[in-house]
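**Q** Next comes the structure file my_file-v2.cif, holding mmCIF, C-alpha atoms.
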```cif
data_run
loop_
_atom_site.label_atom_id
_atom_site.label_comp_id
_atom_site.auth_asym_id
_atom_site.auth_seq_id
_atom_site.Cartn_x
_atom_site.Cartn_y
_atom_site.Cartn_z
CA MET A 257 76.95 357.93 53.37
CA ASN A 258 77.81 356.82 49.86
CA THR A 259 78.42 353.16 49.14
CA PRO A 260 81.91 352.19 47.93
CA LEU A 261 82.40 351.38 44.27
CA TYR A 262 82.71 347.64 44.82
CA ASP A 263 79.34 347.43 46.61
CA ARG A 264 77.21 348.88 43.83
CA LEU A 265 75.14 346.65 41.57
CA ASP A 266 75.15 349.04 38.61
CA ILE A 267 78.96 348.96 38.30
CA TYR A 268 78.92 345.18 37.86
CA LEU A 269 75.98 345.37 35.44
CA GLY A 270 77.88 347.97 33.41
CA VAL A 271 80.98 345.77 33.20
CA ALA A 272 78.84 342.80 32.15
CA ALA A 273 77.12 344.91 29.46
CA PHE A 274 80.54 346.05 28.24
CA LEU A 275 81.81 342.45 28.02
CA LEU A 276 78.69 341.45 26.06
CA ALA A 277 79.17 344.37 23.64
CA VAL A 278 82.86 343.56 23.15
CA GLY A 279 82.03 339.90 22.55
CA ILE A 280 79.41 340.75 19.94
CA TYR A 281 81.83 343.15 18.23
CA GLY A 282 84.37 340.33 18.10
CA LEU A 283 81.81 337.87 16.72
CA ILE A 284 81.01 340.29 13.89
CA ARG A 285 84.57 341.31 13.04
CA ARG A 286 86.62 338.15 13.54
CA ARG A 287 87.33 336.16 10.41
CA THR A 288 88.63 332.93 11.91
CA LEU A 289 86.77 330.26 13.86
CA ILE A 290 89.17 330.45 16.81
CA GLY A 291 88.74 334.22 17.10
CA MET A 292 84.97 333.83 17.09
CA LEU A 293 85.26 331.13 19.77
CA ILE A 294 87.24 333.53 21.99
CA SER A 295 84.55 336.21 21.51
CA GLY A 296 81.94 333.62 22.49
CA GLU A 297 83.85 332.91 25.69
CA ILE A 298 83.78 336.63 26.51
CA ILE A 299 79.98 336.60 26.09
CA PHE A 300 79.80 333.59 28.47
CA SER A 301 81.82 335.60 31.00
CA ALA A 302 79.43 338.53 30.66
CA ALA A 303 76.47 336.28 31.45
CA SER A 304 78.27 334.75 34.43
CA LEU A 305 79.20 338.14 35.86
CA ASN A 306 75.61 339.34 35.48
CA LEU A 307 74.23 336.30 37.31
CA MET A 308 76.80 336.64 40.10
CA ALA A 309 76.03 340.35 40.54
CA PHE A 310 72.30 339.68 40.88
CA ASN A 311 73.03 336.75 43.19
CA ARG A 312 75.10 338.94 45.49
CA PHE A 313 72.72 341.90 45.65
CA THR A 314 69.16 340.64 45.17
CA ALA A 315 68.90 336.86 45.74
CA HIS A 316 67.49 335.21 48.86
CA ASP A 317 69.60 332.09 48.53
CA GLN A 318 73.20 333.20 48.08
CA THR A 319 74.32 329.84 46.67
CA VAL A 320 72.01 329.72 43.62
CA GLY A 321 74.01 332.12 41.46
CA GLN A 322 77.33 330.55 42.37
CA ILE A 323 76.14 327.06 41.45
CA PHE A 324 74.59 328.36 38.24
CA VAL A 325 77.85 330.05 37.23
CA LEU A 326 79.75 326.86 38.07
CA PHE A 327 77.47 324.96 35.68
CA ILE A 328 77.98 327.63 33.01
CA MET A 329 81.75 327.15 33.37
CA GLY A 330 81.37 323.38 33.02
CA LEU A 331 79.24 323.73 29.89
CA ALA A 332 81.68 326.30 28.46
CA ALA A 333 84.52 323.82 28.95
CA ALA A 334 82.51 321.09 27.19
CA GLU A 335 81.65 323.49 24.37
CA ILE A 336 85.30 324.46 23.95
CA ALA A 337 86.35 320.81 23.71
CA ILE A 338 83.76 320.06 21.00
CA ALA A 339 84.31 323.32 19.09
CA LEU A 340 88.09 322.93 19.01
CA SER A 341 87.88 319.36 17.75
CA ILE A 342 85.52 320.58 15.00
CA ILE A 343 87.99 323.36 14.17
CA ILE A 344 90.84 320.86 13.93
CA ALA A 345 88.73 318.64 11.66
CA VAL A 346 87.83 321.65 9.47
CA TYR A 347 91.48 322.68 9.29
CA ARG A 348 92.45 319.18 8.22
CA ASN A 349 89.95 319.29 5.33
CA TYR A 350 90.34 322.90 4.14
CA ARG A 351 93.88 323.78 5.35
CA SER A 352 92.34 327.01 6.70
CA VAL A 353 90.07 328.18 9.51
CA LYS A 354 88.79 331.26 7.68
CA THR A 355 85.03 331.47 7.99
CA ARG A 356 84.60 332.80 4.46
CA GLY A 357 86.05 329.66 2.87
CA LEU A 358 83.61 327.26 4.61
CA SER A 359 80.83 327.47 2.02
CA GLU A 360 80.24 323.85 1.04
CA LEU A 361 76.69 323.90 2.45
CA ASN A 362 75.99 327.27 0.78
CA GLY A 363 72.69 327.14 -1.12
CA MET B 101 84.73 349.02 61.06
CA SER B 102 88.26 348.25 59.99
CA THR B 103 91.18 349.15 62.19
CA PHE B 104 93.60 349.74 59.35
CA PRO B 105 93.14 353.37 58.21
CA ALA B 106 93.69 353.04 54.45
CA ALA B 107 91.85 349.71 54.11
CA LYS B 108 88.98 351.20 52.13
CA LEU B 109 91.38 352.92 49.74
CA ILE B 110 93.30 349.68 49.17
CA TYR B 111 90.04 347.75 48.54
CA ALA B 112 89.00 350.36 45.99
CA ALA B 113 92.40 350.27 44.30
CA ILE B 114 92.34 346.46 44.00
CA PHE B 115 88.76 346.62 42.70
CA LEU B 116 89.68 349.19 40.06
CA PHE B 117 92.68 347.08 39.08
CA SER B 118 90.55 343.97 38.48
CA LEU B 119 87.98 346.11 36.64
CA ALA B 120 90.67 347.52 34.36
CA THR B 121 92.16 344.05 33.80
CA THR B 122 88.77 342.66 32.78
CA VAL B 123 87.90 345.50 30.43
CA GLY B 124 91.41 345.81 28.96
CA GLY B 125 91.80 342.06 28.52
CA ALA B 126 88.47 341.79 26.71
CA LEU B 127 89.37 344.67 24.39
CA PHE B 128 92.80 343.14 23.78
CA ALA B 129 91.16 339.79 22.98
CA VAL B 130 88.99 341.15 20.17
CA LEU B 131 91.19 343.90 18.71
CA THR B 132 94.56 342.20 18.09
CA THR B 133 95.23 340.42 14.80
CA ARG B 134 97.45 337.65 16.19
CA LEU B 135 95.37 334.85 17.66
CA ILE B 136 97.90 333.99 20.36
CA ARG B 137 97.67 337.57 21.72
CA SER B 138 93.93 337.23 21.61
CA VAL B 139 94.16 334.14 23.84
CA CYS B 140 96.39 336.10 26.24
CA GLY B 141 93.74 338.84 26.32
CA LEU B 142 91.12 336.24 27.22
CA ALA B 143 93.34 334.96 30.04
CA MET B 144 93.81 338.53 31.32
CA ALA B 145 90.07 339.14 31.26
CA CYS B 146 89.47 335.91 33.18
CA ILE B 147 91.99 336.85 35.88
CA GLY B 148 90.24 340.21 36.25
CA LEU B 149 86.88 338.45 36.43
CA ALA B 150 88.22 336.25 39.21
CA GLY B 151 88.99 339.44 41.14
CA LEU B 152 85.46 340.73 40.52
CA TYR B 153 84.01 337.41 41.77
CA TYR B 154 86.08 337.80 44.91
CA PHE B 155 84.52 341.22 45.48
CA LEU B 156 81.10 339.62 44.94
CA HIS B 157 81.76 337.49 48.07
CA SER B 158 82.57 334.31 46.20
CA PRO B 159 86.18 333.15 46.62
CA PHE B 160 85.10 329.70 45.42
CA LEU B 161 84.11 331.01 41.99
CA ALA B 162 87.26 333.15 41.80
CA LEU B 163 89.31 329.98 42.23
CA MET B 164 87.19 328.07 39.71
CA GLU B 165 87.44 330.88 37.15
CA ILE B 166 91.24 330.74 37.24
CA LEU B 167 91.32 326.93 37.34
CA ILE B 168 88.86 326.31 34.50
CA TYR B 169 89.28 329.33 32.21
CA VAL B 170 92.96 330.20 32.53
CA GLY B 171 94.10 326.68 33.31
CA ALA B 172 91.97 324.63 30.93
CA VAL B 173 90.14 326.71 28.33
CA CYS B 174 93.01 329.06 27.40
CA VAL B 175 95.54 326.23 27.26
CA THR B 176 93.22 324.22 25.01
CA ILE B 177 92.79 327.20 22.69
CA VAL B 178 96.58 327.59 22.58
CA PHE B 179 96.80 323.97 21.41
CA ALA B 180 94.28 324.70 18.67
CA VAL B 181 96.22 327.81 17.62
CA MET B 182 99.37 325.70 17.35
CA LEU B 183 97.65 322.98 15.32
CA ALA B 184 95.72 325.34 13.04
CA GLU B 185 96.44 328.83 11.76
CA PRO B 186 98.43 331.15 14.03
CA ASP B 187 97.26 334.45 12.53
CA GLU B 188 94.13 336.20 11.46
CA PRO B 189 94.24 336.18 7.62
CA LYS B 190 95.28 339.28 5.74
CA ASP B 191 92.51 341.67 4.86
CA GLU B 192 90.72 340.72 1.68
CA GLU B 193 88.32 343.62 1.96
CA THR B 194 89.12 347.14 0.78
CA ALA B 195 89.63 350.03 3.21
CA GLY B 196 86.14 351.36 2.48
CA GLU B 197 84.50 348.01 3.22
CA ALA B 198 86.55 347.60 6.40
CA LEU B 199 85.45 351.06 7.56
CA LEU B 200 81.80 350.31 6.74
CA TRP B 201 81.61 346.91 8.46
CA GLY B 202 83.85 347.95 11.35
CA GLY B 203 81.72 351.04 11.90
CA LEU B 204 78.55 348.94 11.75
CA ALA B 205 79.97 346.50 14.31
CA VAL B 206 80.96 349.38 16.60
CA VAL B 207 77.47 350.88 16.30
CA VAL B 208 75.77 347.55 17.10
CA ALA B 209 78.06 346.87 20.08
CA GLY B 210 77.74 350.45 21.32
CA ALA B 211 73.94 350.33 21.11
CA ILE B 212 73.84 347.07 23.10
CA PHE B 213 76.20 348.48 25.73
CA TRP B 214 74.36 351.79 26.02
CA GLY B 215 70.93 350.16 26.29
CA LEU B 216 71.96 347.62 28.92
CA TRP B 217 73.92 350.24 30.88
CA ARG B 218 70.89 352.56 30.96
CA LEU B 219 68.63 349.69 31.98
CA GLY B 220 70.96 348.49 34.72
CA ALA B 221 71.57 351.95 36.14
CA SER B 222 67.98 353.23 36.05
CA ALA B 223 65.95 350.25 37.27
CA ALA B 224 65.22 349.93 41.00
CA TRP B 225 66.52 346.47 41.86
CA PRO B 226 65.14 345.12 45.13
CA ALA B 227 67.74 344.52 47.81
CA THR B 228 68.20 341.17 49.52
CA GLN B 229 65.73 340.53 52.33
CA GLY B 230 65.97 337.60 54.67
CA ALA B 231 68.82 335.68 53.11
CA VAL B 232 68.48 331.98 53.93
CA ASN B 233 72.23 331.36 53.95
CA ASP B 234 75.52 333.20 53.65
CA GLY B 235 76.77 331.72 50.37
CA SER B 236 79.87 330.21 51.97
CA ILE B 237 81.68 327.21 50.49
CA LYS B 238 79.96 324.99 53.05
CA ALA B 239 76.54 326.22 51.93
CA ILE B 240 77.49 325.63 48.28
CA GLY B 241 78.56 322.07 49.11
CA VAL B 242 75.32 321.36 50.99
CA SER B 243 73.12 322.60 48.15
CA LEU B 244 75.18 320.78 45.50
CA LEU B 245 74.56 317.52 47.35
CA THR B 246 70.87 318.16 48.12
CA THR B 247 68.90 320.53 45.88
CA TYR B 248 71.16 320.46 42.82
CA SER B 249 72.46 316.88 42.98
CA LEU B 250 70.66 315.85 39.77
CA ALA B 251 72.03 318.83 37.84
CA PHE B 252 75.48 318.09 39.26
CA GLU B 253 75.34 314.51 37.98
CA LEU B 254 73.99 315.66 34.61
CA ILE B 255 76.86 318.10 34.12
CA SER B 256 79.37 315.31 34.69
CA LEU B 257 77.51 313.25 32.09
CA ALA B 258 77.57 316.21 29.66
CA LEU B 259 81.33 316.58 30.14
CA LEU B 260 81.86 312.86 29.52
CA VAL B 261 79.79 312.98 26.33
CA ALA B 262 81.70 316.11 25.22
CA ILE B 263 85.06 314.38 25.71
CA LEU B 264 83.92 311.29 23.77
CA GLY B 265 82.44 313.48 21.02
CA ALA B 266 85.62 315.54 20.74
CA LEU B 267 87.68 312.36 20.40
CA ALA B 268 85.32 310.94 17.78
CA ILE B 269 85.24 314.13 15.70
CA ALA B 270 88.98 314.78 15.83
CA ARG B 271 89.79 311.17 14.98
CA THR B 272 87.92 310.93 11.67
CA GLY B 273 90.07 311.87 8.72
CA ARG B 274 93.28 310.58 10.26
CA THR B 275 95.01 307.94 8.23
CA LYS B 276 94.78 304.52 9.80
CA PRO B 277 98.11 302.90 10.71
#
```
I need this file expressed as C-alpha cells, please.

**A**
Amino acid sequence: MNTPLYDRLDIYLGVAAFLLAVGIYGLIRRRTLIGMLISGEIIFSAASLNLMAFNRFTAHDQTVGQIFVLFIMGLAAAEIAIALSIIIAVYRNYRSVKTRGLSELNG
Amino acid sequence: MSTFPAAKLIYAAIFLFSLATTVGGALFAVLTTRLIRSVCGLAMACIGLAGLYYFLHSPFLALMEILIYVGAVCVTIVFAVMLAEPDEPKDEETAGEALLWGGLAVVVAGAIFWGLWRLGASAAWPATQGAVNDGSIKAIGVSLLTTYSLAFELISLALLVAILGALAIARTGRTKP
C-alpha cells in the first residue's frame, strides 16, 4: 500500500529545499533592499516548513515544532518592522533603495 | 476509512493546489521586476504554505501564517513600497553581465536545491514512536504556559523592543515641527 502524497516527508523536504533555493536566487539577483527582504522572508518560510515537516513525522512531542515555528514568525515580524524602518531612513537620505548606491562605508 | 468515495482524490487535489500555490508564488516573488507584484507573490506563497501546514496536522499554524504573514508582513511591505521606490531599477548591467550573474545565481540555487533534495529523499528518517501528545491546540496552549513560558515572555519583549526601535530609527531625520 503506497502512502498518499500528503503523508510523505520527502515531498515537504523537497518543497522546503525549493523555497530555500528560490530565496537565495532572489537574494543574489535582487537590486533593491525591499526585494532582498522579500527573498529573506521566503527563506524564513523554508526553514519553518522544514521544522514543521520534521515535527509531524519524526518528533516525540508534537507541539515543539509548532511552537518553534510560531516563535520564528514572531521574530520575522520584528525583523520586518526594523528592516522596513531602516529602509525608509535610507530612502530619506539617498532618495533610492538600490543596494549598489549604499557605499558610504565602502573601504 | 472514509465513507465518501472520492475523499482521497479531493485531499490530493487540494494538497497539489497548495503545493503549486507555494512554489508558483515563491517564483513569482523573485522573478517579477515590479516590487508590488513581488509582494503579491509572497502573499500567494504564504497562503499555499498555510495549506501545507494544515496538511501537516497544524490548523493553528495555518491560521497564524495567514494572520501574521499575509495580514501583517505583506501589508507592512506594501507600505514600504508606497513610501519608497515602487519598481526595481532599470538594468545598469549589459546583457552579457546579466547572463553571467543570472546564470551563476541559477547554478548556485540549483545546486542547493539538488543537494538538499537528494539528502532529504535518500536519508532514512526515523518515524515517530510513542508520541507524548497529539499536537492539538490544547496541547500547544499547555506547553506555552508551562515548558516554554519564559521563551513566550521573551518573544513579547523582543517585539516590544522591535517596535520601539523601528519608531526611533524612522523618526530621526524628520524635520522637527

**Q** Identify all residues satisfying the PyMOL selection byres ((chain A and resi 313) around 10) in the given file; provide them as a compact mmCIF listing (two decimals) with C-alpha atoms, in the coordinates of the input.

**A**
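Heads up, here's the output in result.txt:
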```txt
# COMPACT_ATOMS: atom_id res chain seq x y z
CA ASP A 263 79.34 347.43 46.61
CA ARG A 264 77.21 348.88 43.83
CA LEU A 265 75.14 346.65 41.57
CA MET A 308 76.80 336.64 40.10
CA ALA A 309 76.03 340.35 40.54
CA PHE A 310 72.30 339.68 40.88
CA ASN A 311 73.03 336.75 43.19
CA ARG A 312 75.10 338.94 45.49
CA THR A 314 69.16 340.64 45.17
CA ALA A 315 68.90 336.86 45.74
CA HIS A 316 67.49 335.21 48.86
CA GLN A 318 73.20 333.20 48.08
CA LEU B 156 81.10 339.62 44.94
CA TRP B 225 66.52 346.47 41.86
CA PRO B 226 65.14 345.12 45.13
CA ALA B 227 67.74 344.52 47.81
CA THR B 228 68.20 341.17 49.52
CA GLN B 229 65.73 340.53 52.33
```

**Q** Please build the interface table for chain A against chain B with a cut-off of 7 Å, listing for each qualifying residue the nearest atom pair and the distance in Å to one decimal; count all atoms listed in the file, order rows by chain and increasing number, and write it as a tab-separated table.

**A**
```
residue	atom	partner	partner_atom	distance
A:Leu261	CA	B:Ala112	CA	6.9
A:Tyr262	CA	B:Phe115	CA	6.5
A:Asp266	CA	B:Ala221	CA	5.2
A:Leu269	CA	B:Gly220	CA	6.0
A:Gly270	CA	B:Trp217	CA	5.2
A:Ala273	CA	B:Phe213	CA	5.2
A:Phe274	CA	B:Phe213	CA	5.6
A:Leu275	CA	B:Ala126	CA	6.8
A:Ala277	CA	B:Ala209	CA	4.5
A:Val278	CA	B:Ala209	CA	6.6
A:Ile280	CA	B:Ala209	CA	6.3
A:Tyr281	CA	B:Ala205	CA	5.5
A:Gly282	CA	B:Val130	CA	5.1
A:Ile284	CA	B:Ala205	CA	6.3
A:Arg285	CA	B:Gly202	CA	6.9
A:Arg287	CA	B:Glu188	CA	6.9
A:Thr288	CA	B:Glu188	CA	6.4
A:Gly291	CA	B:Leu135	CA	6.7
A:Ser295	CA	B:Val130	CA	6.8
A:Ile298	CA	B:Ala126	CA	7.0
A:Ala309	CA	B:Leu156	CA	6.8
A:Arg312	CA	B:Leu156	CA	6.1
A:Phe313	CA	B:Thr228	CA	6.0
A:Thr314	CA	B:Thr228	CA	4.5
A:Ala315	CA	B:Thr228	CA	5.8
A:His316	CA	B:Ala231	CA	4.5
A:Asp317	CA	B:Val232	CA	5.5
A:Gln318	CA	B:Gly235	CA	4.5
A:Thr319	CA	B:Gly235	CA	4.8
A:Gln322	CA	B:Leu161	CA	6.8
A:Ala333	CA	B:Val173	CA	6.3
A:Ala334	CA	B:Ala262	CA	5.4
A:Ile336	CA	B:Val173	CA	6.9
A:Ala337	CA	B:Ala266	CA	6.1
A:Ile338	CA	B:Ala266	CA	4.9
A:Leu340	CA	B:Ala180	CA	6.4
A:Ser341	CA	B:Ala270	CA	5.1
A:Ile342	CA	B:Ile269	CA	6.5
A:Ile344	CA	B:Ala270	CA	6.6
A:Ala345	CA	B:Ala270	CA	5.7
A:Tyr347	CA	B:Ala184	CA	6.3
A:Ser352	CA	B:Glu185	CA	6.8
A:Val353	CA	B:Glu185	CA	6.8
```

**Q** Give me a file of those residues, with C-alpha atoms, as a JSON list (two decimals), keeping the file's coordinate frame.

**A**
```json
[["chain", "number", "residue", "atom", "x", "y", "z"],
["A", 261, "LEU", "CA", 82.40, 351.38, 44.27],
["A", 262, "TYR", "CA", 82.71, 347.64, 44.82],
["A", 266, "ASP", "CA", 75.15, 349.04, 38.61],
["A", 269, "LEU", "CA", 75.98, 345.37, 35.44],
["A", 270, "GLY", "CA", 77.88, 347.97, 33.41],
["A", 273, "ALA", "CA", 77.12, 344.91, 29.46],
["A", 274, "PHE", "CA", 80.54, 346.05, 28.24],
["A", 275, "LEU", "CA", 81.81, 342.45, 28.02],
["A", 277, "ALA", "CA", 79.17, 344.37, 23.64],
["A", 278, "VAL", "CA", 82.86, 343.56, 23.15],
["A", 280, "ILE", "CA", 79.41, 340.75, 19.94],
["A", 281, "TYR", "CA", 81.83, 343.15, 18.23],
["A", 282, "GLY", "CA", 84.37, 340.33, 18.10],
["A", 284, "ILE", "CA", 81.01, 340.29, 13.89],
["A", 285, "ARG", "CA", 84.57, 341.31, 13.04],
["A", 287, "ARG", "CA", 87.33, 336.16, 10.41],
["A", 288, "THR", "CA", 88.63, 332.93, 11.91],
["A", 291, "GLY", "CA", 88.74, 334.22, 17.10],
["A", 295, "SER", "CA", 84.55, 336.21, 21.51],
["A", 298, "ILE", "CA", 83.78, 336.63, 26.51],
["A", 309, "ALA", "CA", 76.03, 340.35, 40.54],
["A", 312, "ARG", "CA", 75.10, 338.94, 45.49],
["A", 313, "PHE", "CA", 72.72, 341.90, 45.65],
["A", 314, "THR", "CA", 69.16, 340.64, 45.17],
["A", 315, "ALA", "CA", 68.90, 336.86, 45.74],
["A", 316, "HIS", "CA", 67.49, 335.21, 48.86],
["A", 317, "ASP", "CA", 69.60, 332.09, 48.53],
["A", 318, "GLN", "CA", 73.20, 333.20, 48.08],
["A", 319, "THR", "CA", 74.32, 329.84, 46.67],
["A", 322, "GLN", "CA", 77.33, 330.55, 42.37],
["A", 333, "ALA", "CA", 84.52, 323.82, 28.95],
["A", 334, "ALA", "CA", 82.51, 321.09, 27.19],
["A", 336, "ILE", "CA", 85.30, 324.46, 23.95],
["A", 337, "ALA", "CA", 86.35, 320.81, 23.71],
["A", 338, "ILE", "CA", 83.76, 320.06, 21.00],
["A", 340, "LEU", "CA", 88.09, 322.93, 19.01],
["A", 341, "SER", "CA", 87.88, 319.36, 17.75],
["A", 342, "ILE", "CA", 85.52, 320.58, 15.00],
["A", 344, "ILE", "CA", 90.84, 320.86, 13.93],
["A", 345, "ALA", "CA", 88.73, 318.64, 11.66],
["A", 347, "TYR", "CA", 91.48, 322.68, 9.29],
["A", 352, "SER", "CA", 92.34, 327.01, 6.70],
["A", 353, "VAL", "CA", 90.07, 328.18, 9.51]]
```

**Q** Between atom CA of Tyr350 of chain A and atom CA of Gly196 of chain B, what is the spacing in Å?

**A** 28.8 Å

**Q** What is the distance between atom CA of Phe117 of chain B and atom CA of Gly148 of chain B, in Å to one decimal?

**A** 7.8 Å

**Q** Take atom CA of Ser118 of chain B and atom CA of Phe327 of chain A and report the distance between them in Å, one decimal.

**A**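 According to the coordinates, atom CA of Ser118 of chain B and atom CA of Phe327 of chain A are separated by 23.2 Å.
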
**Q** In terms of the shortest atom-to-atom distance over all atoms listed in the file, which of B:Glu193, B:Pro159, B:Met144, B:Arg137 is closest to Arg356 of chain A?

**A**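 Of B:Glu193, B:Pro159, B:Met144, B:Arg137, the one nearest Arg356 of chain A is B:Glu193, counting all atoms listed in the file.
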
**Q** How big is the axis-aligned box around the listed atoms of segment 331-337 of chain A once 6 Å is added on each side, and where is its centre? Give both in Å to one decimal, as AutoDock Vina command-line options.

**A**
```
--center_x 82.8 --center_y 323.6 --center_z 26.8 --size_x 19.1 --size_y 17.5 --size_z 18.2
```

**Q** Under the rule that all atoms listed in the file are counted, which of A:Ala303, A:Ala339, A:Val271, A:Leu358 is the nearest residue to Gly321 of chain A?

**A** A:Ala303

**Q** Since the input has fewer atoms than a full residue there, write segment 214-240 of chain B out with N, CA and C atoms, as an mmCIF file, in the coordinates of the input.

**A**
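Output below, filename result.cif:
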```
data_model
loop_
_atom_site.group_PDB
_atom_site.id
_atom_site.type_symbol
_atom_site.label_atom_id
_atom_site.label_comp_id
_atom_site.auth_asym_id
_atom_site.auth_seq_id
_atom_site.Cartn_x
_atom_site.Cartn_y
_atom_site.Cartn_z
ATOM 1 N N TRP B 214 75.056 350.620 25.499
ATOM 2 C CA TRP B 214 74.360 351.790 26.020
ATOM 3 C C TRP B 214 72.989 351.402 26.582
ATOM 4 N N GLY B 215 72.257 350.556 25.827
ATOM 5 C CA GLY B 215 70.930 350.160 26.290
ATOM 6 C C GLY B 215 70.980 349.404 27.594
ATOM 7 N N LEU B 216 71.895 348.429 27.706
ATOM 8 C CA LEU B 216 71.960 347.620 28.920
ATOM 9 C C LEU B 216 72.456 348.459 30.104
ATOM 10 N N TRP B 217 73.398 349.376 29.815
ATOM 11 C CA TRP B 217 73.920 350.240 30.880
ATOM 12 C C TRP B 217 72.804 351.111 31.439
ATOM 13 N N ARG B 218 72.000 351.704 30.528
ATOM 14 C CA ARG B 218 70.890 352.560 30.960
ATOM 15 C C ARG B 218 69.897 351.744 31.786
ATOM 16 N N LEU B 219 69.585 350.539 31.278
ATOM 17 C CA LEU B 219 68.630 349.690 31.980
ATOM 18 C C LEU B 219 69.133 349.325 33.369
ATOM 19 N N GLY B 220 70.414 348.914 33.442
ATOM 20 C CA GLY B 220 70.960 348.490 34.720
ATOM 21 C C GLY B 220 71.060 349.627 35.714
ATOM 22 N N ALA B 221 71.360 350.839 35.225
ATOM 23 C CA ALA B 221 71.570 351.950 36.140
ATOM 24 C C ALA B 221 70.248 352.584 36.581
ATOM 25 N N SER B 222 69.200 352.491 35.723
ATOM 26 C CA SER B 222 67.980 353.230 36.050
ATOM 27 C C SER B 222 66.970 352.386 36.799
ATOM 28 N N ALA B 223 66.973 351.066 36.626
ATOM 29 C CA ALA B 223 65.950 350.250 37.270
ATOM 30 C C ALA B 223 66.194 350.180 38.778
ATOM 31 N N ALA B 224 65.116 350.033 39.542
ATOM 32 C CA ALA B 224 65.220 349.930 41.000
ATOM 33 C C ALA B 224 65.235 348.455 41.363
ATOM 34 N N TRP B 225 66.439 347.888 41.515
ATOM 35 C CA TRP B 225 66.520 346.470 41.860
ATOM 36 C C TRP B 225 66.241 346.302 43.340
ATOM 37 N N PRO B 226 65.416 345.324 43.701
ATOM 38 C CA PRO B 226 65.140 345.120 45.130
ATOM 39 C C PRO B 226 66.344 344.540 45.851
ATOM 40 N N ALA B 227 66.597 345.025 47.046
ATOM 41 C CA ALA B 227 67.740 344.520 47.810
ATOM 42 C C ALA B 227 67.370 343.192 48.464
ATOM 43 N N THR B 228 68.419 342.465 48.880
ATOM 44 C CA THR B 228 68.200 341.170 49.520
ATOM 45 C C THR B 228 67.464 341.351 50.844
ATOM 46 N N GLN B 229 66.403 340.532 51.026
ATOM 47 C CA GLN B 229 65.730 340.530 52.330
ATOM 48 C C GLN B 229 65.663 339.104 52.828
ATOM 49 N N GLY B 230 66.076 338.914 54.052
ATOM 50 C CA GLY B 230 65.970 337.600 54.670
ATOM 51 C C GLY B 230 66.714 336.518 53.923
ATOM 52 N N ALA B 231 68.024 336.710 53.785
ATOM 53 C CA ALA B 231 68.820 335.680 53.110
ATOM 54 C C ALA B 231 68.787 334.387 53.918
ATOM 55 N N VAL B 232 68.593 333.245 53.210
ATOM 56 C CA VAL B 232 68.480 331.980 53.930
ATOM 57 C C VAL B 232 69.840 331.385 54.269
ATOM 58 N N ASN B 233 70.896 331.801 53.543
ATOM 59 C CA ASN B 233 72.230 331.360 53.950
ATOM 60 C C ASN B 233 73.250 332.404 53.517
ATOM 61 N N ASP B 234 74.520 332.160 53.865
ATOM 62 C CA ASP B 234 75.520 333.200 53.650
ATOM 63 C C ASP B 234 76.317 332.997 52.373
ATOM 64 N N GLY B 235 76.039 331.939 51.609
ATOM 65 C CA GLY B 235 76.770 331.720 50.370
ATOM 66 C C GLY B 235 78.197 331.269 50.570
ATOM 67 N N SER B 236 78.501 330.677 51.727
ATOM 68 C CA SER B 236 79.870 330.210 51.970
ATOM 69 C C SER B 236 80.099 328.907 51.204
ATOM 70 N N ILE B 237 81.362 328.441 51.221
ATOM 71 C CA ILE B 237 81.680 327.210 50.490
ATOM 72 C C ILE B 237 80.919 326.035 51.087
ATOM 73 N N LYS B 238 80.716 326.073 52.407
ATOM 74 C CA LYS B 238 79.960 324.990 53.050
ATOM 75 C C LYS B 238 78.529 324.966 52.543
ATOM 76 N N ALA B 239 77.924 326.163 52.433
ATOM 77 C CA ALA B 239 76.540 326.220 51.930
ATOM 78 C C ALA B 239 76.460 325.746 50.488
ATOM 79 N N ILE B 240 77.480 326.101 49.681
ATOM 80 C CA ILE B 240 77.490 325.630 48.280
ATOM 81 C C ILE B 240 77.561 324.112 48.240
#
```
